[in-house]
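Dropping coords-v2.tsv in here (TSV, C-alpha atoms and all ligand atoms):
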```
chain	number	residue	atom	x	y	z
A	15	MET	CA	0.00	0.00	0.00
A	16	LYS	CA	1.53	3.29	-1.10
A	17	ARG	CA	1.22	6.43	1.00
A	18	SER	CA	-1.17	8.95	-0.46
A	19	SER	CA	0.97	11.97	0.42
A	20	ILE	CA	4.30	13.07	1.87
A	21	GLY	CA	3.97	15.54	4.75
A	22	VAL	CA	6.37	18.47	5.07
A	23	GLY	CA	6.99	20.54	8.22
A	24	LEU	CA	8.88	23.81	7.99
A	25	PHE	CA	11.01	25.32	10.78
A	26	GLY	CA	11.23	29.01	9.79
A	27	LEU	CA	9.32	31.26	7.40
A	28	GLY	CA	11.88	33.97	6.66
A	29	THR	CA	13.68	34.60	3.37
A	30	VAL	CA	14.26	30.94	2.52
A	31	GLY	CA	11.25	29.44	4.34
A	32	SER	CA	8.85	31.74	2.47
A	33	GLY	CA	10.33	30.62	-0.84
A	34	VAL	CA	10.01	26.94	0.12
A	35	ALA	CA	6.40	27.38	1.34
A	36	ARG	CA	5.49	29.36	-1.76
A	37	ILE	CA	6.77	26.82	-4.27
A	38	LEU	CA	5.29	23.89	-2.33
A	39	LEU	CA	1.88	25.59	-2.45
A	40	GLU	CA	2.06	27.05	-5.95
A	41	ARG	CA	3.63	24.04	-7.66
A	42	ALA	CA	1.82	21.31	-5.75
A	43	GLU	CA	0.40	19.71	-8.88
A	44	THR	CA	3.67	19.73	-10.80
A	45	TYR	CA	5.59	18.23	-7.90
A	46	ALA	CA	2.95	15.58	-7.26
A	47	GLU	CA	3.33	14.53	-10.89
A	48	ARG	CA	7.14	14.54	-10.79
A	49	VAL	CA	7.43	12.76	-7.47
A	50	GLY	CA	4.49	10.43	-7.96
A	51	THR	CA	2.91	11.46	-4.62
A	52	PRO	CA	1.61	14.85	-3.43
A	53	LEU	CA	3.87	16.87	-1.11
A	54	VAL	CA	1.71	18.48	1.53
A	55	LEU	CA	2.88	21.36	3.72
A	56	ARG	CA	1.38	20.52	7.11
A	57	ARG	CA	3.00	22.86	9.67
A	58	VAL	CA	5.20	25.97	9.73
A	59	VAL	CA	7.04	26.91	12.93
A	60	VAL	CA	7.97	30.56	13.58
A	61	ARG	CA	8.81	32.80	16.55
A	62	GLN	CA	6.04	35.37	16.15
A	63	LEU	CA	2.59	34.47	14.85
A	64	GLU	CA	1.57	38.08	14.21
A	65	LYS	CA	4.47	39.10	11.96
A	66	PRO	CA	3.58	40.03	8.34
A	67	ARG	CA	4.58	37.21	5.97
A	68	MET	CA	5.77	37.10	2.36
A	69	VAL	CA	3.52	34.13	1.60
A	70	GLU	CA	-0.12	33.42	2.35
A	71	LEU	CA	-0.55	30.10	4.14
A	72	PRO	CA	-3.72	28.04	4.52
A	73	ALA	CA	-5.34	28.71	7.93
A	74	GLY	CA	-3.98	26.82	10.92
A	75	LEU	CA	-0.53	25.96	9.52
A	76	LEU	CA	1.47	28.57	11.43
A	77	VAL	CA	2.54	27.59	14.96
A	78	THR	CA	5.25	28.48	17.48
A	79	ASP	CA	5.68	25.04	19.06
A	80	PRO	CA	8.31	22.90	17.27
A	81	ASN	CA	6.67	19.76	18.70
A	82	ALA	CA	3.83	20.37	16.27
A	83	VAL	CA	6.27	19.16	13.61
A	84	LEU	CA	8.34	16.71	15.65
A	85	GLU	CA	5.39	14.83	17.15
A	86	ASP	CA	3.25	14.74	14.01
A	87	ASP	CA	3.59	11.31	12.39
A	88	SER	CA	2.07	12.58	9.17
A	89	ILE	CA	5.16	14.79	8.68
A	90	ASP	CA	7.85	12.85	6.83
A	91	ILE	CA	10.25	15.69	5.99
A	92	ALA	CA	11.34	18.46	8.34
A	93	VAL	CA	12.83	21.48	6.58
A	94	GLU	CA	15.03	23.56	8.89
A	95	VAL	CA	15.44	27.12	7.61
A	96	MET	CA	15.65	29.03	10.90
A	97	GLY	CA	19.39	29.58	10.89
A	98	GLY	CA	21.83	29.79	13.83
A	99	LEU	CA	23.20	26.93	15.89
A	100	GLU	CA	20.38	26.59	18.43
A	101	PRO	CA	17.60	25.58	18.54
A	102	ALA	CA	18.23	24.46	14.93
A	103	TYR	CA	20.80	21.77	15.86
A	104	THR	CA	18.58	20.22	18.56
A	105	LEU	CA	15.52	20.28	16.30
A	106	ILE	CA	17.42	18.55	13.48
A	107	ARG	CA	18.69	15.91	15.93
A	108	ASN	CA	15.17	15.33	17.27
A	109	ALA	CA	13.63	15.11	13.81
A	110	LEU	CA	16.25	12.58	12.62
A	111	SER	CA	15.89	10.54	15.82
A	112	ARG	CA	12.16	10.31	15.14
A	113	GLY	CA	12.83	8.94	11.65
A	114	LYS	CA	12.05	12.11	9.71
A	115	PHE	CA	14.03	13.14	6.65
A	116	VAL	CA	15.66	16.51	7.21
A	117	VAL	CA	16.45	19.21	4.68
A	118	THR	CA	18.46	22.16	5.96
A	119	ALA	CA	20.09	25.29	4.57
A	120	ASN	CA	22.07	25.81	7.79
A	121	LYS	CA	25.84	26.01	7.11
A	122	GLU	CA	26.67	26.63	10.78
A	123	VAL	CA	24.99	23.46	12.03
A	124	LEU	CA	26.42	21.43	9.15
A	125	ALA	CA	29.96	22.77	9.54
A	126	GLN	CA	29.94	22.17	13.32
A	127	HIS	CA	27.96	18.94	13.56
A	128	GLY	CA	27.69	17.50	10.01
A	129	PRO	CA	29.38	14.11	10.53
A	130	GLU	CA	27.46	13.38	13.75
A	131	LEU	CA	24.11	14.31	12.18
A	132	LEU	CA	24.81	12.32	9.01
A	133	ALA	CA	25.59	9.28	11.18
A	134	LEU	CA	22.36	9.82	13.13
A	135	ALA	CA	20.42	10.00	9.86
A	136	GLN	CA	21.99	6.75	8.71
A	137	ASP	CA	21.21	5.03	12.02
A	138	ASN	CA	17.57	6.01	11.60
A	139	GLY	CA	17.33	5.00	7.94
A	140	VAL	CA	16.69	8.53	6.68
A	141	ASP	CA	18.64	11.24	4.86
A	142	LEU	CA	19.95	14.63	5.88
A	143	LEU	CA	20.04	16.88	2.82
A	144	PHE	CA	21.89	20.17	2.86
A	145	GLU	CA	22.37	21.32	-0.72
A	146	ALA	CA	21.30	24.93	-0.02
A	147	SER	CA	23.70	25.33	2.91
A	148	VAL	CA	26.73	26.16	0.78
A	149	GLY	CA	25.85	27.58	-2.62
A	150	GLY	CA	22.34	28.99	-2.07
A	151	GLY	CA	20.90	28.43	-5.56
A	152	ILE	CA	24.04	26.74	-6.94
A	153	PRO	CA	24.06	22.94	-6.73
A	154	LEU	CA	27.39	21.95	-5.18
A	155	ILE	CA	26.78	19.19	-2.66
A	156	ALA	CA	25.33	16.69	-5.15
A	157	PRO	CA	28.19	17.27	-7.64
A	158	LEU	CA	30.77	16.76	-4.88
A	159	LYS	CA	29.02	13.71	-3.38
A	160	ARG	CA	27.87	12.09	-6.59
A	161	ASP	CA	28.72	13.51	-9.99
A	162	LEU	CA	32.47	13.97	-9.46
A	163	LEU	CA	32.91	10.77	-7.47
A	164	ALA	CA	35.18	9.16	-10.07
A	165	ASN	CA	37.73	11.96	-9.55
A	166	GLU	CA	40.34	12.61	-6.94
A	167	ILE	CA	39.66	16.25	-6.10
A	168	VAL	CA	42.89	18.21	-6.35
A	169	GLY	CA	41.52	21.47	-5.02
A	170	LEU	CA	38.72	23.98	-4.97
A	171	SER	CA	38.59	27.77	-5.09
A	172	ALA	CA	35.42	29.66	-4.35
A	173	ILE	CA	33.80	33.04	-4.10
A	174	ILE	CA	31.18	31.86	-1.69
A	175	ASN	CA	29.89	34.96	0.10
A	176	GLY	CA	27.73	37.33	-1.94
A	177	THR	CA	27.85	40.18	0.59
A	178	THR	CA	31.63	40.49	0.52
A	179	ASN	CA	31.77	39.96	-3.23
A	180	TYR	CA	29.32	42.84	-3.71
A	181	ILE	CA	31.41	45.06	-1.41
A	182	LEU	CA	34.66	44.19	-3.20
A	183	THR	CA	33.05	44.77	-6.61
A	184	ARG	CA	31.93	48.27	-5.56
A	185	MET	CA	35.39	49.01	-4.12
A	186	THR	CA	36.97	47.88	-7.43
A	187	ASN	CA	34.58	49.49	-9.90
A	188	ASP	CA	33.60	52.67	-8.07
A	189	GLY	CA	36.62	53.34	-5.87
A	190	LEU	CA	34.46	53.24	-2.72
A	191	GLY	CA	35.96	52.72	0.73
A	192	LEU	CA	34.88	49.69	2.76
A	193	ASP	CA	32.44	51.62	4.98
A	194	GLU	CA	30.61	53.24	2.07
A	195	ALA	CA	30.47	49.98	0.06
A	196	LEU	CA	29.09	48.21	3.16
A	197	ARG	CA	26.47	50.94	3.66
A	198	GLN	CA	25.32	50.48	0.05
A	199	ALA	CA	25.16	46.71	0.53
A	200	GLN	CA	23.01	47.18	3.65
A	201	LYS	CA	20.72	49.62	1.82
A	202	LEU	CA	20.10	47.00	-0.89
A	203	GLY	CA	19.48	44.23	1.65
A	204	TYR	CA	22.70	42.38	0.72
A	205	ALA	CA	24.27	42.85	4.16
A	206	GLU	CA	22.89	42.40	7.67
A	207	ALA	CA	22.78	45.25	10.20
A	208	ASP	CA	25.62	43.34	11.93
A	209	PRO	CA	27.79	42.30	8.97
A	210	SER	CA	30.66	40.78	10.98
A	211	TYR	CA	29.78	37.20	10.08
A	212	ASP	CA	30.29	38.03	6.40
A	213	VAL	CA	33.09	40.63	6.37
A	214	GLU	CA	35.25	38.65	8.77
A	215	GLY	CA	35.03	35.53	6.60
A	216	THR	CA	33.17	33.34	9.13
A	217	ASP	CA	30.32	32.51	6.75
A	218	ALA	CA	32.80	31.58	4.00
A	219	ALA	CA	34.82	29.44	6.45
A	220	PHE	CA	31.70	27.42	7.42
A	221	LYS	CA	30.90	26.84	3.75
A	222	LEU	CA	34.48	25.89	2.91
A	223	ALA	CA	34.60	23.42	5.82
A	224	ILE	CA	31.51	21.66	4.41
A	225	MET	CA	32.78	21.59	0.81
A	226	ALA	CA	36.34	20.54	1.67
A	227	SER	CA	35.10	17.75	3.97
A	228	LEU	CA	33.09	16.34	1.06
A	229	ALA	CA	35.77	16.94	-1.57
A	230	PHE	CA	38.53	15.24	0.42
A	231	ARG	CA	36.29	12.75	2.25
A	232	THR	CA	37.49	13.74	5.68
A	233	GLU	CA	36.30	15.88	8.55
A	234	ILE	CA	37.48	19.50	8.37
A	235	PRO	CA	36.12	21.47	11.35
A	236	PRO	CA	35.53	25.18	10.65
A	237	GLN	CA	37.93	26.06	13.52
A	238	ARG	CA	40.77	24.55	11.44
A	239	VAL	CA	40.08	26.84	8.46
A	240	TYR	CA	42.50	29.81	8.35
A	241	ARG	CA	40.35	32.94	8.19
A	242	GLU	CA	41.03	36.55	7.31
A	243	GLY	CA	38.17	38.84	6.28
A	244	ILE	CA	38.05	41.94	4.09
A	245	THR	CA	38.12	44.59	6.84
A	246	ARG	CA	41.75	45.62	6.30
A	247	LEU	CA	41.39	46.32	2.56
A	248	ALA	CA	41.67	49.95	1.45
A	249	PRO	CA	41.00	51.73	-1.88
A	250	ASN	CA	44.76	51.80	-2.67
A	251	ASP	CA	44.89	47.99	-2.69
A	252	PHE	CA	42.36	47.96	-5.52
A	253	ARG	CA	44.23	50.63	-7.50
A	254	TYR	CA	47.51	48.68	-7.28
A	255	ALA	CA	45.75	45.41	-8.12
A	256	ALA	CA	44.22	46.94	-11.27
A	257	GLU	CA	47.58	48.42	-12.35
A	258	LEU	CA	49.20	44.98	-12.01
A	259	GLY	CA	46.35	43.19	-13.84
A	260	TYR	CA	44.64	41.54	-10.85
A	261	ALA	CA	41.23	41.53	-9.20
A	262	ILE	CA	40.86	41.25	-5.41
A	263	LYS	CA	38.37	38.64	-4.21
A	264	LEU	CA	37.62	37.00	-0.88
A	265	LEU	CA	38.63	33.46	-1.81
A	266	ALA	CA	37.85	30.22	0.00
A	267	ILE	CA	40.53	27.77	-1.05
A	268	SER	CA	41.21	24.17	-0.18
A	269	ARG	CA	43.84	21.86	-1.70
A	270	ARG	CA	45.41	18.51	-1.11
A	271	ASP	CA	49.18	18.86	-1.15
A	272	GLU	CA	51.65	16.04	-0.47
A	273	GLY	CA	49.17	14.16	1.68
A	274	ARG	CA	48.10	17.27	3.64
A	275	ILE	CA	44.92	19.23	3.21
A	276	TRP	CA	44.81	22.92	3.78
A	277	ALA	CA	41.80	25.20	3.85
A	278	ARG	CA	41.80	28.97	4.09
A	279	VAL	CA	39.65	32.05	3.54
A	280	HIS	CA	41.32	35.37	2.78
A	281	PRO	CA	41.42	38.21	0.24
A	282	ALA	CA	43.51	37.20	-2.78
A	283	PHE	CA	44.86	38.67	-6.02
A	284	ILE	CA	43.43	36.81	-9.01
A	285	PRO	CA	44.77	37.41	-12.56
A	286	ALA	CA	42.12	39.57	-14.27
A	287	ASN	CA	41.71	37.11	-17.17
A	288	GLU	CA	40.71	34.18	-14.91
A	289	LEU	CA	37.04	33.20	-14.68
A	290	LEU	CA	36.80	33.79	-10.93
A	291	ALA	CA	38.10	37.37	-11.36
A	292	LYS	CA	35.03	38.12	-13.47
A	293	VAL	CA	32.45	36.96	-10.92
A	294	ASP	CA	31.00	40.23	-9.69
A	295	GLY	CA	28.31	41.56	-7.36
A	296	VAL	CA	26.34	39.16	-5.19
A	297	HIS	CA	27.11	36.22	-7.47
A	298	ASN	CA	28.99	33.21	-6.16
A	299	ALA	CA	31.23	30.78	-8.03
A	300	VAL	CA	33.03	27.59	-7.11
A	301	GLN	CA	35.80	26.10	-9.21
A	302	ILE	CA	36.48	22.44	-8.54
A	303	ASP	CA	39.62	20.83	-9.89
A	304	GLY	CA	39.26	17.08	-10.42
A	305	ASP	CA	42.12	14.87	-11.63
A	306	LEU	CA	39.94	13.45	-14.44
A	307	THR	CA	37.61	16.30	-15.28
A	308	GLY	CA	40.05	19.21	-14.87
A	309	LYS	CA	38.59	22.49	-13.68
A	310	VAL	CA	34.80	22.87	-13.62
A	311	LEU	CA	33.10	26.08	-12.62
A	312	PHE	CA	29.71	26.40	-10.90
A	313	GLN	CA	28.35	29.93	-10.88
A	314	GLY	CA	25.03	31.49	-9.91
A	315	GLN	CA	22.97	33.07	-7.17
A	316	GLY	CA	24.39	32.14	-3.79
A	317	ALA	CA	21.41	33.49	-1.84
A	318	GLY	CA	17.85	34.73	-2.15
A	319	SER	CA	14.44	33.30	-1.44
A	320	LEU	CA	13.67	31.42	-4.65
A	321	PRO	CA	17.21	30.36	-5.68
A	322	THR	CA	17.78	28.90	-2.23
A	323	SER	CA	14.38	27.20	-2.11
A	324	SER	CA	15.28	25.55	-5.43
A	325	THR	CA	18.29	23.76	-3.96
A	326	ALA	CA	16.57	23.28	-0.60
A	327	ARG	CA	15.65	20.08	-2.41
A	328	THR	CA	12.35	19.38	-0.78
A	329	THR	CA	11.07	19.71	-4.27
A	330	SER	CA	13.75	17.94	-6.25
A	331	PRO	CA	12.38	14.92	-8.08
A	332	TRP	CA	15.81	13.26	-7.90
A	333	VAL	CA	15.94	13.48	-4.13
A	334	LEU	CA	12.34	12.57	-3.68
A	335	ARG	CA	12.63	9.52	-5.89
A	336	SER	CA	15.92	8.26	-4.53
A	337	SER	CA	16.06	9.56	-0.97
A	338	LEU	CA	12.48	9.32	0.06
A	339	ARG	CA	12.12	5.63	-0.56
A	340	GLY	CA	11.69	5.39	3.22
A	341	ALA	CA	8.83	7.84	3.37
A	342	LEU	CA	7.22	6.11	0.44
A	343	ARG	CA	7.34	2.77	2.22
A	344	PRO	CA	3.95	1.23	2.97
A	345	THR	CA	2.63	2.74	6.20
A	346	PRO	CA	2.48	0.23	9.07
A	347	PRO	CA	-1.14	-0.50	10.02
A	348	SER	CA	-0.62	0.99	13.50
A	349	ALA	CA	0.50	4.41	12.18
A	350	THR	CA	-1.92	7.17	13.06
A	351	SER	CA	-1.73	9.85	10.43
A	352	THR	CA	-3.70	11.48	7.69
A	353	THR	CA	-1.80	9.37	5.18
A	354	SER	CA	-3.23	6.06	4.10
B	401	LIG	N1	18.79	34.07	2.99
B	401	LIG	C1	19.43	33.38	2.05
B	401	LIG	O1	19.46	33.77	0.88
B	401	LIG	C2	20.11	32.08	2.40
B	401	LIG	C3	20.87	31.40	1.43
B	401	LIG	C4	21.46	30.17	1.75
B	401	LIG	C5	21.30	29.66	3.02
B	401	LIG	N2	20.59	30.36	3.94
B	401	LIG	C6	20.42	29.77	5.28
B	401	LIG	O2	19.03	29.50	5.48
B	401	LIG	C7	18.69	29.65	6.86
B	401	LIG	C8	17.54	30.65	6.99
B	401	LIG	O3	17.94	31.90	6.49
B	401	LIG	P1	16.88	33.08	6.24
B	401	LIG	O4	17.62	34.15	5.54
B	401	LIG	O5	15.64	32.53	5.62
B	401	LIG	O6	16.60	33.53	7.75
B	401	LIG	P2	15.48	34.55	8.27
B	401	LIG	O7	14.94	35.34	7.14
B	401	LIG	O8	16.08	35.26	9.42
B	401	LIG	O9	14.30	33.60	8.79
B	401	LIG	C9	14.42	32.82	9.95
B	401	LIG	C10	13.06	32.22	10.26
B	401	LIG	O10	13.21	31.29	11.33
B	401	LIG	C11	12.28	31.61	12.38
B	401	LIG	N3	12.96	31.36	13.65
B	401	LIG	C12	14.20	31.74	14.03
B	401	LIG	N4	14.46	31.31	15.27
B	401	LIG	C13	13.35	30.65	15.70
B	401	LIG	C14	13.00	29.99	16.90
B	401	LIG	N5	13.83	29.94	17.94
B	401	LIG	N6	11.77	29.41	16.97
B	401	LIG	C15	10.90	29.48	15.94
B	401	LIG	N7	11.19	30.10	14.76
B	401	LIG	C16	12.39	30.68	14.65
B	401	LIG	C17	11.95	33.08	12.23
B	401	LIG	O11	10.66	33.30	12.79
B	401	LIG	P3	9.98	34.76	12.77
B	401	LIG	O12	9.73	35.05	11.31
B	401	LIG	O13	8.72	34.62	13.55
B	401	LIG	O14	10.98	35.69	13.38
B	401	LIG	C18	12.00	33.23	10.70
B	401	LIG	O15	10.76	32.92	10.13
B	401	LIG	C19	19.99	30.10	7.56
B	401	LIG	O16	20.64	28.96	8.07
B	401	LIG	C20	20.81	30.71	6.42
B	401	LIG	O17	22.20	30.65	6.65
B	401	LIG	C21	19.99	31.54	3.66
```
So, in terms of structure tokens, how does the structure I just supplied come out?
Ligand SMILES: NC(=O)c1ccc[n+]([C@@H]2O[C@H](COP(=O)([O-])OP(=O)(O)OC[C@H]3O[C@@H](n4cnc5c(N)ncnc54)[C@H](OP(=O)(O)O)[C@@H]3O)[C@@H](O)[C@H]2O)c1
Amino acid sequence: MKRSSIGVGLFGLGTVGSGVARILLERAETYAERVGTPLVLRRVVVRQLEKPRMVELPAGLLVTDPNAVLEDDSIDIAVEVMGGLEPAYTLIRNALSRGKFVVTANKEVLAQHGPELLALAQDNGVDLLFEASVGGGIPLIAPLKRDLLANEIVGLSAIINGTTNYILTRMTNDGLGLDEALRQAQKLGYAEADPSYDVEGTDAAFKLAIMASLAFRTEIPPQRVYREGITRLAPNDFRYAAELGYAIKLLAISRRDEGRIWARVHPAFIPANELLAKVDGVHNAVQIDGDLTGKVLFQGQGAGSLPTSSTARTTSPWVLRSSLRGALRPTPPSATSTTS
């Protein structure tokens, strides 16, 4: 007996959560056709019920109690898009322990606790999917885990933080100082009121730790990533770089070298004719160097509601066909849920 629907519970309805809720509601028919079973959004957990929302939800879906997702047996997939370490980490743990598939966009939780959570998922016969945690709208995790598997990865170089890339682009093209470029980024919604996480390279270090761990099949904690942000760059640096034929980018780099792996985030000179030097504004790009494939470049929108909800993968037919075999198992007769 096949289940008649797959239940989805959402933790968070901010930038990414609104995009996920919107596409699940608007594209319900298309996804039901592609997956073979309807995906039904059953609960959405937020902090404040009264806050204006970017998406209109059916009545009764919005709640503040996370147990409404965790304890609901009709919810097969929990999507964590709250951000921050806690309570996100504990909620992901609880959801996996209860046999729910988890999809998260949370680089901090993944970088700090990825291996432990992946093991917990395996123990419970479910998957933990985190495609959106690194590249926003750019698929990177599946290529590293699956498509490039035949390669030994030699190294990767990435522009993986849109906020800093926007700031550096304005400093290069318009001769702005850091403070003014940051103010412009904040005005356009590209930078938070407290931008330290981005400008000090912490966000990029989390993302690099996740990518390098996958690329080199080892555990690289974010604390082991060398990190230097963009706060010491001045307009003169950009003038000299241009005169010498270079662009300045905040690069996240990891390489395997004589049996050792190093990972670092810092501003770097890149020859102006290289592809990464031409990645401007809020765009992100990741260049992966495989011993068979050579260099491949992934470029696109590293953030934003709809790009990120695309790779949040709740909706991906590939994931739903291959990863959700568990949720599509016949329901045991004792299960009490709205599924049949
Ligand atoms: N924004 C992007 O473009 C992007 C791209 C890639 C990855 N990500 C990752 O995606 C995640 C979400 O980012 P976002 O930009 O969507 O964040 P956001 O706009 O700040 O939204 C966070 C949501 O989580 C809810 N929330 C936070 N703490 C909560 C708590 N303790 N209990 C209940 N609800 C809580 C908030 O509820 P209220 O609305 O009631 O306050 C809000 O709806 C983060 O891990 C981020 O790094 C974001």
First collect every listed atom of region 45-53 of chain A; then fit an axis-aligned box around them, widen it by 4 Å on each side, and give centre and edge lengths in Å to one decimal, as JSON.
```
{"center_x": 4.5, "center_y": 14.3, "center_z": -6.0, "size_x": 13.8, "size_y": 15.8, "size_z": 17.8}
```
- Task: Show which residues sit within 8 Å of Leu110 (chain A), as a list of chain:residue names. Count only C-alpha atoms, and ignore same-chain residues fewer than 6 positions away.
- Result: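 Returned residues: A:Val116, A:Leu134, A:Ala135, A:Asn138, A:Val140, A:Leu142.
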- List every protein, DNA or RNA residue that has an atom no more than 12 Å from (28.7, 24.8, -8.3) in the file's coordinate frame, counting only C-alpha atoms, and report them as number ranges by chain. A: 145-146, 148-158, 161-162, 170-174, 225, 297-303, 309-316, 325
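The shortest atom-to-atom distance to Ile37 (chain A), with only C-alpha atoms taken into account, belongs to A:Val69 out of A:Val293, A:Val69, A:Val49, A:Thr245.
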- Using all atoms listed in the file, which protein or nucleic acid residues are at most 9 Å from ligand LIG 401 (chain B), as a VMD selection string? chain A and resid 25 to 33 58 to 67 77 to 80 94 to 102 118 to 123 146 to 151 217 315 to 323 326
- Query: Suppose you want the space between CA of Asp208 (chain A) and CA of Leu196 (chain A); what is it in Å?
  - Reply: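 Taking CA of Asp208 (chain A) and CA of Leu196 (chain A), their separation equals 10.6 Å.
Residue nearest Val117 (chain A), chosen from A:Arg231, A:Asp137, A:Leu132, A:Ser268 and counting all atoms listed in the file: A:Leu132.
Nearest residue to Leu290 (chain A) among A:Glu242, A:Val83, A:Asn179, A:Pro235 is A:Asn179, counting only C-alpha atoms.
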